[in-house]
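**Student:** Provided herewith: work_3.cif, mmCIF, C-alpha atoms.
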data_upload
loop_
_atom_site.label_atom_id
_atom_site.label_comp_id
_atom_site.auth_asym_id
_atom_site.auth_seq_id
_atom_site.Cartn_x
_atom_site.Cartn_y
_atom_site.Cartn_z
CA MET A 1 21.14 -14.29 25.96
CA LYS A 2 18.99 -12.85 23.17
CA ASN A 3 16.14 -14.79 21.56
CA VAL A 4 16.04 -15.35 17.82
CA ILE A 5 13.23 -17.07 15.92
CA LEU A 6 13.95 -18.69 12.57
CA TYR A 7 11.68 -19.25 9.55
CA LEU A 8 12.35 -22.16 7.17
CA ASN A 9 10.47 -23.77 4.30
CA GLN A 10 9.44 -27.42 4.24
CA PHE A 11 12.71 -28.52 2.69
CA PHE A 12 15.11 -26.87 5.11
CA GLY A 13 12.66 -27.56 7.94
CA GLY A 14 13.13 -31.28 7.33
CA VAL A 15 9.55 -32.08 6.28
CA GLY A 16 10.33 -33.00 2.69
CA GLY A 17 10.73 -31.79 -0.85
CA GLU A 18 8.32 -30.50 -3.46
CA ASP A 19 5.69 -33.12 -2.53
CA LYS A 20 5.49 -31.54 0.95
CA ALA A 21 5.28 -27.94 -0.29
CA ASP A 22 1.65 -27.73 0.89
CA GLN A 23 2.76 -28.21 4.49
CA GLU A 24 0.78 -25.94 6.81
CA PRO A 25 2.83 -23.75 9.15
CA PHE A 26 3.97 -25.12 12.50
CA ILE A 27 6.43 -24.04 15.16
CA VAL A 28 8.94 -26.14 17.10
CA GLU A 29 11.15 -25.27 20.03
CA GLY A 30 14.84 -24.90 19.38
CA ALA A 31 16.88 -25.03 16.20
CA ILE A 32 16.57 -27.43 13.31
CA GLY A 33 18.38 -27.63 9.96
CA PRO A 34 20.20 -24.37 9.24
CA GLY A 35 19.34 -23.34 12.80
CA LEU A 36 22.31 -25.35 14.02
CA ALA A 37 24.64 -23.28 11.85
CA TYR A 38 22.98 -20.11 13.13
CA ASN A 39 23.46 -21.15 16.75
CA ALA A 40 27.14 -21.77 16.06
CA ALA A 41 27.60 -18.30 14.53
CA LEU A 42 25.38 -16.18 16.78
CA LYS A 43 27.08 -14.50 19.73
CA ASP A 44 25.11 -14.18 22.93
CA ALA A 45 21.92 -15.17 21.09
CA LYS A 46 20.24 -18.44 20.23
CA ILE A 47 17.44 -19.81 18.08
CA THR A 48 14.64 -20.44 20.56
CA HIS A 49 12.00 -21.53 18.04
CA THR A 50 11.74 -22.45 14.39
CA VAL A 51 8.68 -21.82 12.22
CA VAL A 52 8.30 -24.12 9.23
CA CYS A 53 5.87 -23.60 6.34
CA GLY A 54 5.58 -25.16 2.89
CA ASP A 55 6.40 -22.79 0.05
CA ASN A 56 3.17 -23.55 -1.78
CA PHE A 57 1.04 -23.10 1.29
CA MET A 58 2.66 -19.72 1.89
CA GLY A 59 2.44 -18.81 -1.80
CA SER A 60 -1.21 -19.67 -2.34
CA ASN A 61 -2.62 -18.78 1.11
CA THR A 62 -0.31 -15.92 2.05
CA ASP A 63 -2.75 -14.04 4.28
CA GLU A 64 -3.84 -17.17 6.08
CA ALA A 65 -0.27 -18.44 6.50
CA VAL A 66 0.93 -15.07 7.80
CA ARG A 67 -2.05 -14.83 10.15
CA ARG A 68 -1.38 -18.27 11.64
CA ILE A 69 2.34 -17.60 12.03
CA MET A 70 1.69 -14.24 13.70
CA GLU A 71 -0.56 -16.08 16.13
CA MET A 72 2.28 -18.54 16.90
CA LEU A 73 4.82 -15.75 17.41
CA LYS A 74 2.91 -13.05 19.24
CA ASP A 75 3.54 -14.27 22.82
CA LYS A 76 7.11 -15.50 22.26
CA PRO A 77 10.02 -13.35 23.44
CA MET A 78 11.93 -12.37 20.31
CA ASP A 79 14.84 -9.98 19.76
CA TYR A 80 15.39 -10.84 16.11
CA PHE A 81 13.59 -12.74 13.36
CA ILE A 82 15.61 -14.51 10.67
CA ALA A 83 14.22 -16.14 7.52
CA GLY A 84 16.17 -18.44 5.20
CA PRO A 85 18.71 -18.22 3.63
CA ALA A 86 16.54 -18.74 0.58
CA PHE A 87 19.37 -18.87 -2.01
CA GLN A 88 17.88 -18.89 -5.51
CA ALA A 89 14.59 -20.61 -4.65
CA GLY A 90 11.95 -18.25 -6.07
CA ARG A 91 8.94 -19.11 -3.93
CA TYR A 92 11.05 -19.43 -0.78
CA THR A 93 12.45 -15.91 -1.31
CA VAL A 94 8.95 -14.46 -1.61
CA ALA A 95 7.84 -16.42 1.47
CA CYS A 96 10.81 -15.10 3.47
CA GLY A 97 9.99 -11.56 2.34
CA ASN A 98 6.32 -11.83 3.22
CA ILE A 99 6.86 -13.26 6.66
CA CYS A 100 9.68 -10.84 7.51
CA LYS A 101 7.54 -7.90 6.45
CA ALA A 102 4.66 -9.07 8.64
CA VAL A 103 6.89 -9.65 11.67
CA GLN A 104 8.55 -6.26 11.25
CA GLU A 105 5.27 -4.40 10.81
CA GLN A 106 2.98 -6.29 13.16
CA LEU A 107 5.38 -7.29 15.95
CA GLY A 108 7.96 -4.52 15.63
CA VAL A 109 10.86 -6.97 15.78
CA PRO A 110 13.94 -6.46 13.56
CA VAL A 111 14.13 -8.93 10.67
CA ILE A 112 16.75 -10.15 8.25
CA THR A 113 16.87 -12.63 5.41
CA SER A 114 19.24 -13.71 2.67
CA MET A 115 18.55 -14.30 -1.03
CA ASN A 116 20.32 -14.48 -4.33
CA GLU A 117 19.97 -11.37 -6.46
CA GLU A 118 18.31 -13.28 -9.31
CA THR A 119 15.10 -13.91 -7.39
CA PRO A 120 11.73 -12.19 -7.29
CA GLY A 121 11.97 -11.78 -3.51
CA VAL A 122 14.83 -9.30 -3.81
CA ASN A 123 12.94 -6.87 -6.01
CA MET A 124 9.75 -7.21 -4.05
CA PHE A 125 11.19 -6.70 -0.59
CA LYS A 126 14.64 -5.08 -0.73
CA LYS A 127 13.25 -1.67 0.13
CA ASP A 128 11.41 -3.01 3.17
CA MET A 129 14.05 -5.00 5.01
CA ILE A 130 17.68 -6.07 5.24
CA ILE A 131 18.24 -8.79 2.63
CA MET A 132 21.81 -10.08 2.64
CA LYS A 133 23.24 -10.86 -0.80
CA GLY A 134 23.12 -14.65 -0.81
CA GLY A 135 24.49 -17.47 -2.94
CA ASN A 136 22.64 -19.40 -5.61
CA SER A 137 22.58 -22.80 -3.92
CA ALA A 138 22.58 -24.46 -0.52
CA ALA A 139 26.28 -25.12 -0.97
CA ARG A 140 26.63 -21.53 0.21
CA MET A 141 24.78 -22.25 3.46
CA ARG A 142 27.69 -21.68 5.83
CA LYS A 143 28.75 -18.47 4.12
CA ASP A 144 25.24 -17.00 3.89
CA VAL A 145 24.38 -17.91 7.48
CA GLY A 146 27.69 -16.37 8.53
CA ALA A 147 26.87 -13.11 6.74
CA VAL A 148 23.45 -12.90 8.38
CA CYS A 149 24.89 -13.61 11.84
CA LYS A 150 27.67 -11.06 11.43
CA TYR A 151 25.03 -8.36 10.92
CA VAL A 152 22.67 -9.64 13.61
CA ASN A 153 25.53 -9.89 16.14
CA LYS A 154 26.44 -6.27 15.48
CA VAL A 155 22.88 -5.03 15.91
CA LEU A 156 22.23 -7.08 19.04
CA ALA A 157 25.50 -5.86 20.56
CA GLY A 158 24.49 -2.26 19.83
CA GLU A 159 27.48 -1.73 17.55
CA PRO A 160 27.17 0.79 14.72
CA VAL A 161 26.30 -0.72 11.34
CA LEU A 162 27.54 0.62 8.03
CA GLY A 163 25.75 1.02 4.69
CA ALA A 164 24.42 -1.62 2.34
CA ASP A 165 27.65 -2.22 0.41
CA ALA A 166 29.84 -2.44 3.50
CA GLU A 167 27.48 -4.83 5.25
CA GLY A 168 26.64 -6.87 2.15
CA TYR A 169 22.91 -6.32 1.83
CA PHE A 170 20.77 -4.99 -1.02
CA PRO A 171 20.47 -1.19 -0.80
CA ARG A 172 17.12 -0.16 0.62
CA GLY A 173 17.39 3.40 -0.68
CA ASN A 174 17.78 4.78 2.86
CA ARG A 175 20.32 7.42 3.74
CA HIS A 176 21.86 7.43 7.20
CA GLU A 177 23.44 10.25 9.14
CA LEU A 178 26.99 9.51 10.20
CA PHE A 179 29.27 11.68 12.35
CA LEU A 180 32.92 11.54 11.32
CA GLU A 181 35.91 12.44 13.44
CA ASP A 182 36.51 16.19 13.35
CA LYS A 183 39.59 16.47 11.13
CA ARG A 184 40.46 18.05 7.82
CA GLU A 185 40.42 14.80 5.80
CA ASN A 186 36.84 14.23 6.83
CA THR A 187 35.41 17.52 5.64
CA ALA A 188 33.04 17.45 2.69
CA ALA A 189 35.33 19.89 0.84
CA TYR A 190 38.36 17.64 1.23
CA ARG A 191 36.44 14.53 0.22
CA GLY A 192 34.94 16.28 -2.77
CA VAL A 193 38.31 17.54 -4.00
CA GLN A 194 39.87 14.09 -3.57
CA MET A 195 37.08 12.67 -5.68
CA LEU A 196 37.60 15.33 -8.32
CA ILE A 197 41.36 14.65 -8.46
CA LYS A 198 40.68 10.95 -8.94
CA LYS A 199 38.17 11.71 -11.65
CA MET A 200 40.62 14.02 -13.46
CA ASN A 201 43.30 11.33 -13.26
CA LYS A 202 40.80 8.80 -14.62
CA GLN A 203 41.08 6.75 -11.45
CA PRO A 204 38.09 4.90 -10.04
CA TYR A 205 36.06 6.86 -7.49
CA GLN A 206 32.78 6.37 -5.74
CA THR A 207 30.16 9.08 -5.33
CA GLU A 208 28.81 9.47 -1.81
CA LEU A 209 25.36 10.25 -3.13
CA VAL A 210 24.21 7.35 -5.24
CA ILE A 211 20.99 8.17 -7.07
CA PRO A 212 18.93 5.01 -7.28
CA LYS A 213 17.96 3.86 -10.75
CA LYS A 214 14.61 5.00 -12.07
CA ASP A 215 11.74 2.76 -11.17
CA LEU A 216 9.73 2.80 -14.37
CA VAL A 217 6.08 1.92 -14.22
CA PRO A 218 4.56 -0.05 -17.13
CA ILE A 219 2.55 2.28 -19.37
CA ALA A 220 -1.20 1.77 -19.12
CA PRO A 221 -3.01 1.55 -22.46
CA ALA A 222 -5.05 4.57 -23.51
CA ILE A 223 -8.73 4.69 -22.57
CA LYS A 224 -10.58 3.89 -25.81
CA ASP A 225 -13.78 5.81 -25.16
CA LEU A 226 -13.46 8.57 -22.58
CA SER A 227 -17.19 9.32 -22.83
CA LYS A 228 -17.96 5.93 -21.28
CA ALA A 229 -15.08 5.94 -18.79
CA THR A 230 -15.17 6.27 -15.01
CA ILE A 231 -12.45 8.58 -13.75
CA ALA A 232 -11.23 8.90 -10.17
CA MET A 233 -9.37 11.79 -8.55
CA LEU A 234 -6.45 11.40 -6.11
CA ASN A 235 -4.14 13.94 -4.55
CA THR A 236 -1.03 14.22 -2.39
CA GLY A 237 -1.92 17.80 -1.46
CA GLY A 238 -3.66 16.94 1.81
CA ILE A 239 -7.21 17.96 0.86
CA VAL A 240 -9.48 16.59 3.62
CA PRO A 241 -12.78 17.40 5.32
CA VAL A 242 -12.03 20.21 7.78
CA ASP A 243 -11.94 17.87 10.80
CA ASN A 244 -9.40 15.58 9.07
CA PRO A 245 -11.34 12.45 10.12
CA ASP A 246 -8.54 10.01 9.18
CA ARG A 247 -5.94 12.07 11.02
CA ILE A 248 -3.65 12.09 8.01
CA GLN A 249 -0.26 13.44 9.04
CA SER A 250 0.83 16.82 7.69
CA ALA A 251 4.21 15.40 6.67
CA SER A 252 5.76 11.94 6.30
CA ALA A 253 2.26 10.54 5.91
CA THR A 254 1.45 6.91 6.49
CA ARG A 255 -2.32 7.36 6.28
CA TRP A 256 -4.77 8.20 3.51
CA GLY A 257 -8.47 8.92 3.26
CA ARG A 258 -11.35 8.61 0.78
CA TYR A 259 -14.02 11.27 0.80
CA ASP A 260 -17.52 11.12 -0.63
CA ILE A 261 -18.29 13.80 -3.23
CA SER A 262 -21.69 12.46 -4.32
CA GLY A 263 -23.93 15.41 -5.12
CA MET A 264 -21.12 17.96 -4.82
CA ASP A 265 -20.45 20.30 -7.74
CA ARG A 266 -17.20 21.53 -6.25
CA LEU A 267 -15.20 21.34 -3.04
CA GLU A 268 -16.36 24.21 -0.84
CA ALA A 269 -14.07 26.21 1.43
CA GLY A 270 -14.95 25.59 5.06
CA VAL A 271 -16.00 22.03 4.21
CA PHE A 272 -12.61 20.92 2.88
CA LYS A 273 -9.13 22.25 3.57
CA THR A 274 -5.51 21.16 3.19
CA ILE A 275 -3.46 19.75 6.08
CA HIS A 276 -0.27 19.60 4.00
CA ALA A 277 2.61 21.19 5.98
CA GLY A 278 4.89 21.75 2.99
CA PHE A 279 3.36 24.95 1.62
CA ASP A 280 1.22 27.97 2.49
CA PRO A 281 -2.30 26.54 2.75
CA ALA A 282 -4.11 29.86 2.20
CA ALA A 283 -4.96 29.41 -1.49
CA ALA A 284 -6.15 25.80 -1.13
CA ASN A 285 -8.16 26.58 2.00
CA ASP A 286 -9.90 29.41 0.13
CA ASP A 287 -10.65 27.14 -2.82
CA PRO A 288 -9.79 23.43 -2.40
CA ASN A 289 -10.48 22.93 -6.14
CA VAL A 290 -7.07 24.46 -6.95
CA ILE A 291 -5.61 21.19 -5.66
CA MET A 292 -8.49 18.76 -6.15
CA PRO A 293 -10.35 20.09 -9.23
CA ILE A 294 -13.72 18.48 -8.60
CA ASP A 295 -15.45 21.52 -10.17
CA ALA A 296 -13.68 20.99 -13.52
CA MET A 297 -14.33 17.25 -13.40
CA ARG A 298 -18.05 17.83 -12.82
CA ALA A 299 -18.10 20.16 -15.82
CA TYR A 300 -16.55 17.48 -18.03
CA GLU A 301 -18.99 14.95 -16.60
CA ARG A 302 -21.97 17.22 -17.48
CA GLU A 303 -20.59 17.82 -20.97
CA GLY A 304 -20.24 14.07 -21.53
CA LYS A 305 -16.47 14.18 -22.09
CA ILE A 306 -16.21 11.49 -19.42
CA GLY A 307 -18.76 8.84 -18.49
CA ARG A 308 -18.81 9.62 -14.81
CA LEU A 309 -16.70 10.76 -11.90
CA HIS A 310 -15.97 8.07 -9.27
CA PRO A 311 -17.93 9.19 -6.17
CA PHE A 312 -14.90 9.48 -3.86
CA PHE A 313 -11.60 11.28 -4.02
CA TYR A 314 -8.50 10.02 -2.26
CA THR A 315 -5.96 11.98 -0.26
CA THR A 316 -2.63 11.67 1.40
CA VAL A 317 0.24 14.10 2.02
CA GLY A 318 3.29 13.85 -0.21
CA THR A 319 5.93 15.75 1.72
CA GLY A 320 8.53 13.53 3.38
CA THR A 321 6.49 10.47 2.53
CA THR A 322 8.70 7.55 1.53
CA GLU A 323 8.24 5.68 -1.72
CA ALA A 324 7.66 2.51 0.26
CA GLU A 325 4.76 4.07 2.20
CA ALA A 326 3.38 5.58 -0.99
CA ARG A 327 3.50 2.20 -2.68
CA ARG A 328 1.68 0.58 0.21
CA MET A 329 -1.01 3.27 0.29
CA ALA A 330 -1.53 2.87 -3.47
CA LYS A 331 -1.99 -0.86 -3.00
CA GLU A 332 -4.60 -0.17 -0.34
CA ILE A 333 -6.46 2.37 -2.49
CA ILE A 334 -6.49 0.38 -5.75
CA PRO A 335 -9.10 -2.22 -4.64
CA PHE A 336 -11.63 0.60 -4.05
CA LEU A 337 -11.03 1.84 -7.59
CA GLN A 338 -11.29 -1.63 -9.08
CA GLU A 339 -14.51 -2.30 -7.23
CA ASP A 340 -16.13 0.68 -8.98
CA HIS A 341 -14.57 -0.29 -12.36
CA VAL A 342 -12.57 2.93 -12.57
CA ASP A 343 -10.92 3.22 -16.00
CA GLY A 344 -8.47 6.01 -15.29
CA VAL A 345 -7.25 8.24 -12.48
CA ILE A 346 -5.84 11.73 -12.24
CA MET A 347 -3.30 12.16 -9.45
CA LEU A 348 -2.85 15.74 -8.41
CA SER A 349 0.51 16.18 -6.75
CA THR A 350 1.55 19.46 -5.14
CA MET B 351 -0.77 16.53 -12.76
CA CYS B 352 2.01 18.23 -10.82
CA ASN B 353 4.32 21.16 -10.52
CA LEU B 354 7.51 19.14 -10.02
CA ILE B 355 7.66 17.32 -13.37
CA PRO B 356 11.30 16.19 -12.82
CA VAL B 357 10.21 14.42 -9.62
CA ALA B 358 7.30 12.79 -11.43
CA MET B 359 9.81 11.63 -14.06
CA THR B 360 12.11 10.15 -11.45
CA VAL B 361 9.40 8.14 -9.75
CA GLY B 362 8.32 6.70 -13.09
CA SER B 363 5.07 8.51 -13.94
CA ASN B 364 4.10 8.03 -17.58
CA ARG B 365 1.47 10.64 -18.45
CA MET B 366 2.29 14.05 -16.95
CA VAL B 367 0.54 17.41 -17.17
CA PRO B 368 2.26 20.41 -15.58
CA THR B 369 0.49 22.59 -13.04
CA ILE B 370 1.41 26.15 -12.10
CA SER B 371 2.68 25.98 -8.52
CA ILE B 372 2.94 23.87 -5.37
CA PRO B 373 0.40 25.69 -3.12
CA TYR B 374 -2.12 26.32 -5.92
CA PRO B 375 -1.51 23.85 -8.76
CA LEU B 376 -4.67 24.82 -10.66
CA GLY B 377 -5.51 28.48 -10.02
CA ASP B 378 -3.39 31.46 -9.00
CA PRO B 379 -5.28 33.35 -6.26
CA ASN B 380 -3.73 36.60 -7.51
CA THR B 381 -5.71 36.29 -10.74
CA PRO B 382 -9.51 36.69 -11.17
CA LYS B 383 -11.72 33.70 -10.42
CA ASP B 384 -12.70 33.23 -14.06
CA ALA B 385 -9.02 33.15 -15.12
CA GLN B 386 -8.39 30.50 -12.46
CA TRP B 387 -11.36 28.51 -13.71
CA LYS B 388 -10.21 28.70 -17.35
CA LEU B 389 -6.76 27.49 -16.45
CA ARG B 390 -8.09 24.67 -14.28
CA TYR B 391 -10.70 23.55 -16.82
CA HIS B 392 -8.09 23.57 -19.59
CA ARG B 393 -5.40 21.63 -17.74
CA VAL B 394 -7.78 19.01 -16.34
CA GLY B 395 -9.04 18.58 -19.93
CA VAL B 396 -5.46 18.01 -21.10
CA ALA B 397 -5.08 15.37 -18.37
CA LEU B 398 -8.27 13.61 -19.49
CA ASP B 399 -7.11 13.63 -23.12
CA ALA B 400 -3.74 12.28 -21.93
CA LEU B 401 -5.52 9.28 -20.40
CA ALA B 402 -7.03 8.59 -23.82
CA THR B 403 -3.73 8.97 -25.70
CA ASP B 404 -1.44 6.04 -26.47
CA ILE B 405 2.19 6.71 -25.55
CA THR B 406 5.39 4.69 -25.84
CA GLU B 407 7.53 6.54 -23.30
CA GLN B 408 7.18 8.97 -20.39
CA THR B 409 5.36 11.96 -21.84
CA VAL B 410 4.77 15.50 -20.62
CA PHE B 411 1.60 16.81 -22.27
CA LYS B 412 1.53 20.39 -23.49
CA VAL B 413 -0.80 22.97 -22.01
CA LYS B 414 -1.97 26.22 -23.63
CA ILE B 415 -3.13 28.18 -20.61
#
Would you write the structure of this file as structure tokens?

**Tutor:**
Amino acid sequence: MKNVILYLNQFFGGVGGEDKADQEPFIVEGAIGPGLAYNAALKDAKITHTVVCGDNFMGSNTDEAVRRIMEMLKDKPMDYFIAGPAFQAGRYTVACGNICKAVQEQLGVPVITSMNEETPGVNMFKKDMIIMKGGNSAARMRKDVGAVCKYVNKVLAGEPVLGADAEGYFPRGNRHELFLEDKRENTAAYRGVQMLIKKMNKQPYQTELVIPKKDLVPIAPAIKDLSKATIAMLNTGGIVPVDNPDRIQSASATRWGRYDISGMDRLEAGVFKTIHAGFDPAAANDDPNVIMPIDAMRAYEREGKIGRLHPFFYTTVGTGTTEAEARRMAKEIIPFLQEDHVDGVIMLST
Amino acid sequence: MCNLIPVAMTVGSNRMVPTISIPYPLGDPNTPKDAQWKLRYHRVGVALDALATDITEQTVFKVKI
């Protein structure tokens, strides 16, 4: 029998409605509320504990709420963590996303939740976890719980799972390798030609390589007076001190570093180098400024074109690095830039 | 600043300045040091001007060297 722990908000946890939304997190043994429906639909698994937290408490004290819940969970046996379903309840969806992310990252336990597509939680977390496409009200409870359990049952039984559309979750942007039976109809050539024939006959067809929609970033306003601005330099070209003190990976990086350039007119060879594994490092090792142009920035600083250069540059490695990791690293770097009132950054990408 | 402008476009960058290659974005080691410096100084300057330029859509800024 596998152990599943469930997360609910104050409403579904039976504490109360909006007036109880400040409820601090607590954990109880066994299943309550939707947990009963989960227990009925889970095969060879049961809800051993339920965590309940008010949506406002989670929303306004996220770090504290997550910290307390991690403390409650860390010594409990857990094969899966389920949050919700959150339906179309905005704050609840964000709470489910936050707690699932923490459990997945800090405890290494698989997580799943369910939300309606019209909620902020979907956009914030769909790339990080399995979010089943849920209904817009609690009237869909049985159906949404059923969809979650169908997926969880498969995973716990070690059965192969299919892609986002087949399983009914929001695409995470991941591609999976799949081995098909060795026969003519399964070859890429055959599949491609079948698709072409359908296209020529104006019949519906589905590409096997869906390109996700562009993720546009809001445009930052122009810097009004460059001569008073603080500019910071960042790069994905792996420029680090020669001993690579942060042990940034040469590919598929999850780490980044910030390196002090106070008093340096340029990046000297032998002091800095690149650890990027995606290209010949010879040129950048000979002159790290070809990737991280500190020499040119110092010249503009001396000339007064910019106010000053932020005293650190920031590095990670871009090759094989996922957008989700990149996004996280950016979020970790930004507070350092804000602290020094940086007005603009130049990202040098190889 | 990058070599792969189409990738920068796809991930939603707004102000883009092209560089000359992946291993040496701002200075071809097969050219003299002062040519590398001129190119680097120019393109970094374009990037700084880009930060001070209002735009309404994704924009690739033009470089002269």

**Student:** Taking only C-alpha atoms into account, which residues of chain B are within 8 Å of chain A, as an MDAnalysis selection string?

**Tutor:** chainID B and resid 351:354 360:364 371:379 387 390:391 394:395 397:398 400:407

**Student:** Find the residue from A:Arg328, A:Asp260, A:Ala269, A:Pro160 that sits nearest to A:His310; use only C-alpha atoms when measuring.

**Tutor:**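 Selected residue with least distance to A:His310: A:Asp260.
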
**Student:** Do you have the atom CA of A:Thr321-atom CA of A:Thr254 distance handy?

**Tutor:**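 It comes out at 7.3 Å.
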
**Student:** Just say which residues the PyMOL selection byres ((chain A and resi 257) around 9) picks in this file, as a PyMOL selection string.

**Tutor:** chain A and resi 240+244-248+255-256+258-259+313-316+333

**Student:** Could you put an axis-aligned box around every listed atom of stretch 39-51 of chain A, padded by 3 Å on each side, and send me its centre and edge lengths in Å to one decimal, as JSON?

**Tutor:**
{"center_x": 18.1, "center_y": -18.3, "center_z": 17.6, "size_x": 24.9, "size_y": 14.3, "size_z": 16.7}

**Student:** Can you tell me which residues surround stretch 19-33 of chain A at a distance of at most 6 Å, considering all atoms listed in the file, apart from same-chain residues fewer than 5 positions away, and format the answer as an MDAnalysis selection string?

**Tutor:** chainID A and resid 12 47:57

**Student:** Now that the selection is made, can you save its residues with C-alpha atoms as an mmCIF file, keeping the file's coordinate frame?

**Tutor:**
data_model
loop_
_atom_site.group_PDB
_atom_site.id
_atom_site.type_symbol
_atom_site.label_atom_id
_atom_site.label_comp_id
_atom_site.auth_asym_id
_atom_site.auth_seq_id
_atom_site.Cartn_x
_atom_site.Cartn_y
_atom_site.Cartn_z
ATOM 1 C CA PHE A 12 15.110 -26.870 5.110
ATOM 2 C CA ILE A 47 17.440 -19.810 18.080
ATOM 3 C CA THR A 48 14.640 -20.440 20.560
ATOM 4 C CA HIS A 49 12.000 -21.530 18.040
ATOM 5 C CA THR A 50 11.740 -22.450 14.390
ATOM 6 C CA VAL A 51 8.680 -21.820 12.220
ATOM 7 C CA VAL A 52 8.300 -24.120 9.230
ATOM 8 C CA CYS A 53 5.870 -23.600 6.340
ATOM 9 C CA GLY A 54 5.580 -25.160 2.890
ATOM 10 C CA ASP A 55 6.400 -22.790 0.050
ATOM 11 C CA ASN A 56 3.170 -23.550 -1.780
ATOM 12 C CA PHE A 57 1.040 -23.100 1.290
#

**Student:** Apply the PyMOL selection byres ((chain A and resi 149-153) around 12) to the structure shown and report the selected residues as a ChimeraX atom specification.

**Tutor:** /A:1-4,35,37-47,79-85,110-114,130-132,142-148,154-164,166-169

**Student:** Hey, can you spit out that residue selection with C-alpha atoms as a PDB file, in the coordinates of the input?

**Tutor:**
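Wrote it out as again_31.pdb, contents follow:
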ATOM      1  CA  MET A   1      21.140 -14.290  25.960  1.00  0.00           C
ATOM      2  CA  LYS A   2      18.990 -12.850  23.170  1.00  0.00           C
ATOM      3  CA  ASN A   3      16.140 -14.790  21.560  1.00  0.00           C
ATOM      4  CA  VAL A   4      16.040 -15.350  17.820  1.00  0.00           C
ATOM      5  CA  GLY A  35      19.340 -23.340  12.800  1.00  0.00           C
ATOM      6  CA  ALA A  37      24.640 -23.280  11.850  1.00  0.00           C
ATOM      7  CA  TYR A  38      22.980 -20.110  13.130  1.00  0.00           C
ATOM      8  CA  ASN A  39      23.460 -21.150  16.750  1.00  0.00           C
ATOM      9  CA  ALA A  40      27.140 -21.770  16.060  1.00  0.00           C
ATOM     10  CA  ALA A  41      27.600 -18.300  14.530  1.00  0.00           C
ATOM     11  CA  LEU A  42      25.380 -16.180  16.780  1.00  0.00           C
ATOM     12  CA  LYS A  43      27.080 -14.500  19.730  1.00  0.00           C
ATOM     13  CA  ASP A  44      25.110 -14.180  22.930  1.00  0.00           C
ATOM     14  CA  ALA A  45      21.920 -15.170  21.090  1.00  0.00           C
ATOM     15  CA  LYS A  46      20.240 -18.440  20.230  1.00  0.00           C
ATOM     16  CA  ILE A  47      17.440 -19.810  18.080  1.00  0.00           C
ATOM     17  CA  ASP A  79      14.840  -9.980  19.760  1.00  0.00           C
ATOM     18  CA  TYR A  80      15.390 -10.840  16.110  1.00  0.00           C
ATOM     19  CA  PHE A  81      13.590 -12.740  13.360  1.00  0.00           C
ATOM     20  CA  ILE A  82      15.610 -14.510  10.670  1.00  0.00           C
ATOM     21  CA  ALA A  83      14.220 -16.140   7.520  1.00  0.00           C
ATOM     22  CA  GLY A  84      16.170 -18.440   5.200  1.00  0.00           C
ATOM     23  CA  PRO A  85      18.710 -18.220   3.630  1.00  0.00           C
ATOM     24  CA  PRO A 110      13.940  -6.460  13.560  1.00  0.00           C
ATOM     25  CA  VAL A 111      14.130  -8.930  10.670  1.00  0.00           C
ATOM     26  CA  ILE A 112      16.750 -10.150   8.250  1.00  0.00           C
ATOM     27  CA  THR A 113      16.870 -12.630   5.410  1.00  0.00           C
ATOM     28  CA  SER A 114      19.240 -13.710   2.670  1.00  0.00           C
ATOM     29  CA  ILE A 130      17.680  -6.070   5.240  1.00  0.00           C
ATOM     30  CA  ILE A 131      18.240  -8.790   2.630  1.00  0.00           C
ATOM     31  CA  MET A 132      21.810 -10.080   2.640  1.00  0.00           C
ATOM     32  CA  ARG A 142      27.690 -21.680   5.830  1.00  0.00           C
ATOM     33  CA  LYS A 143      28.750 -18.470   4.120  1.00  0.00           C
ATOM     34  CA  ASP A 144      25.240 -17.000   3.890  1.00  0.00           C
ATOM     35  CA  VAL A 145      24.380 -17.910   7.480  1.00  0.00           C
ATOM     36  CA  GLY A 146      27.690 -16.370   8.530  1.00  0.00           C
ATOM     37  CA  ALA A 147      26.870 -13.110   6.740  1.00  0.00           C
ATOM     38  CA  VAL A 148      23.450 -12.900   8.380  1.00  0.00           C
ATOM     39  CA  LYS A 154      26.440  -6.270  15.480  1.00  0.00           C
ATOM     40  CA  VAL A 155      22.880  -5.030  15.910  1.00  0.00           C
ATOM     41  CA  LEU A 156      22.230  -7.080  19.040  1.00  0.00           C
ATOM     42  CA  ALA A 157      25.500  -5.860  20.560  1.00  0.00           C
ATOM     43  CA  GLY A 158      24.490  -2.260  19.830  1.00  0.00           C
ATOM     44  CA  GLU A 159      27.480  -1.730  17.550  1.00  0.00           C
ATOM     45  CA  PRO A 160      27.170   0.790  14.720  1.00  0.00           C
ATOM     46  CA  VAL A 161      26.300  -0.720  11.340  1.00  0.00           C
ATOM     47  CA  LEU A 162      27.540   0.620   8.030  1.00  0.00           C
ATOM     48  CA  GLY A 163      25.750   1.020   4.690  1.00  0.00           C
ATOM     49  CA  ALA A 164      24.420  -1.620   2.340  1.00  0.00           C
ATOM     50  CA  ALA A 166      29.840  -2.440   3.500  1.00  0.00           C
ATOM     51  CA  GLU A 167      27.480  -4.830   5.250  1.00  0.00           C
ATOM     52  CA  GLY A 168      26.640  -6.870   2.150  1.00  0.00           C
ATOM     53  CA  TYR A 169      22.910  -6.320   1.830  1.00  0.00           C
TER      54      TYR A 169
END

**Student:** In Å to one decimal, how far is atom CA of A:Met115 from atom CA of A:Gly90?

**Tutor:**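 Taking atom CA of A:Gly90 and atom CA of A:Met115, their separation equals 9.2 Å.
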
**Student:** Grab the atom CA of A:Lys127 to atom CA of A:Ala188 distance for me, in Å with one decimal place.

**Tutor:** 27.6 Å
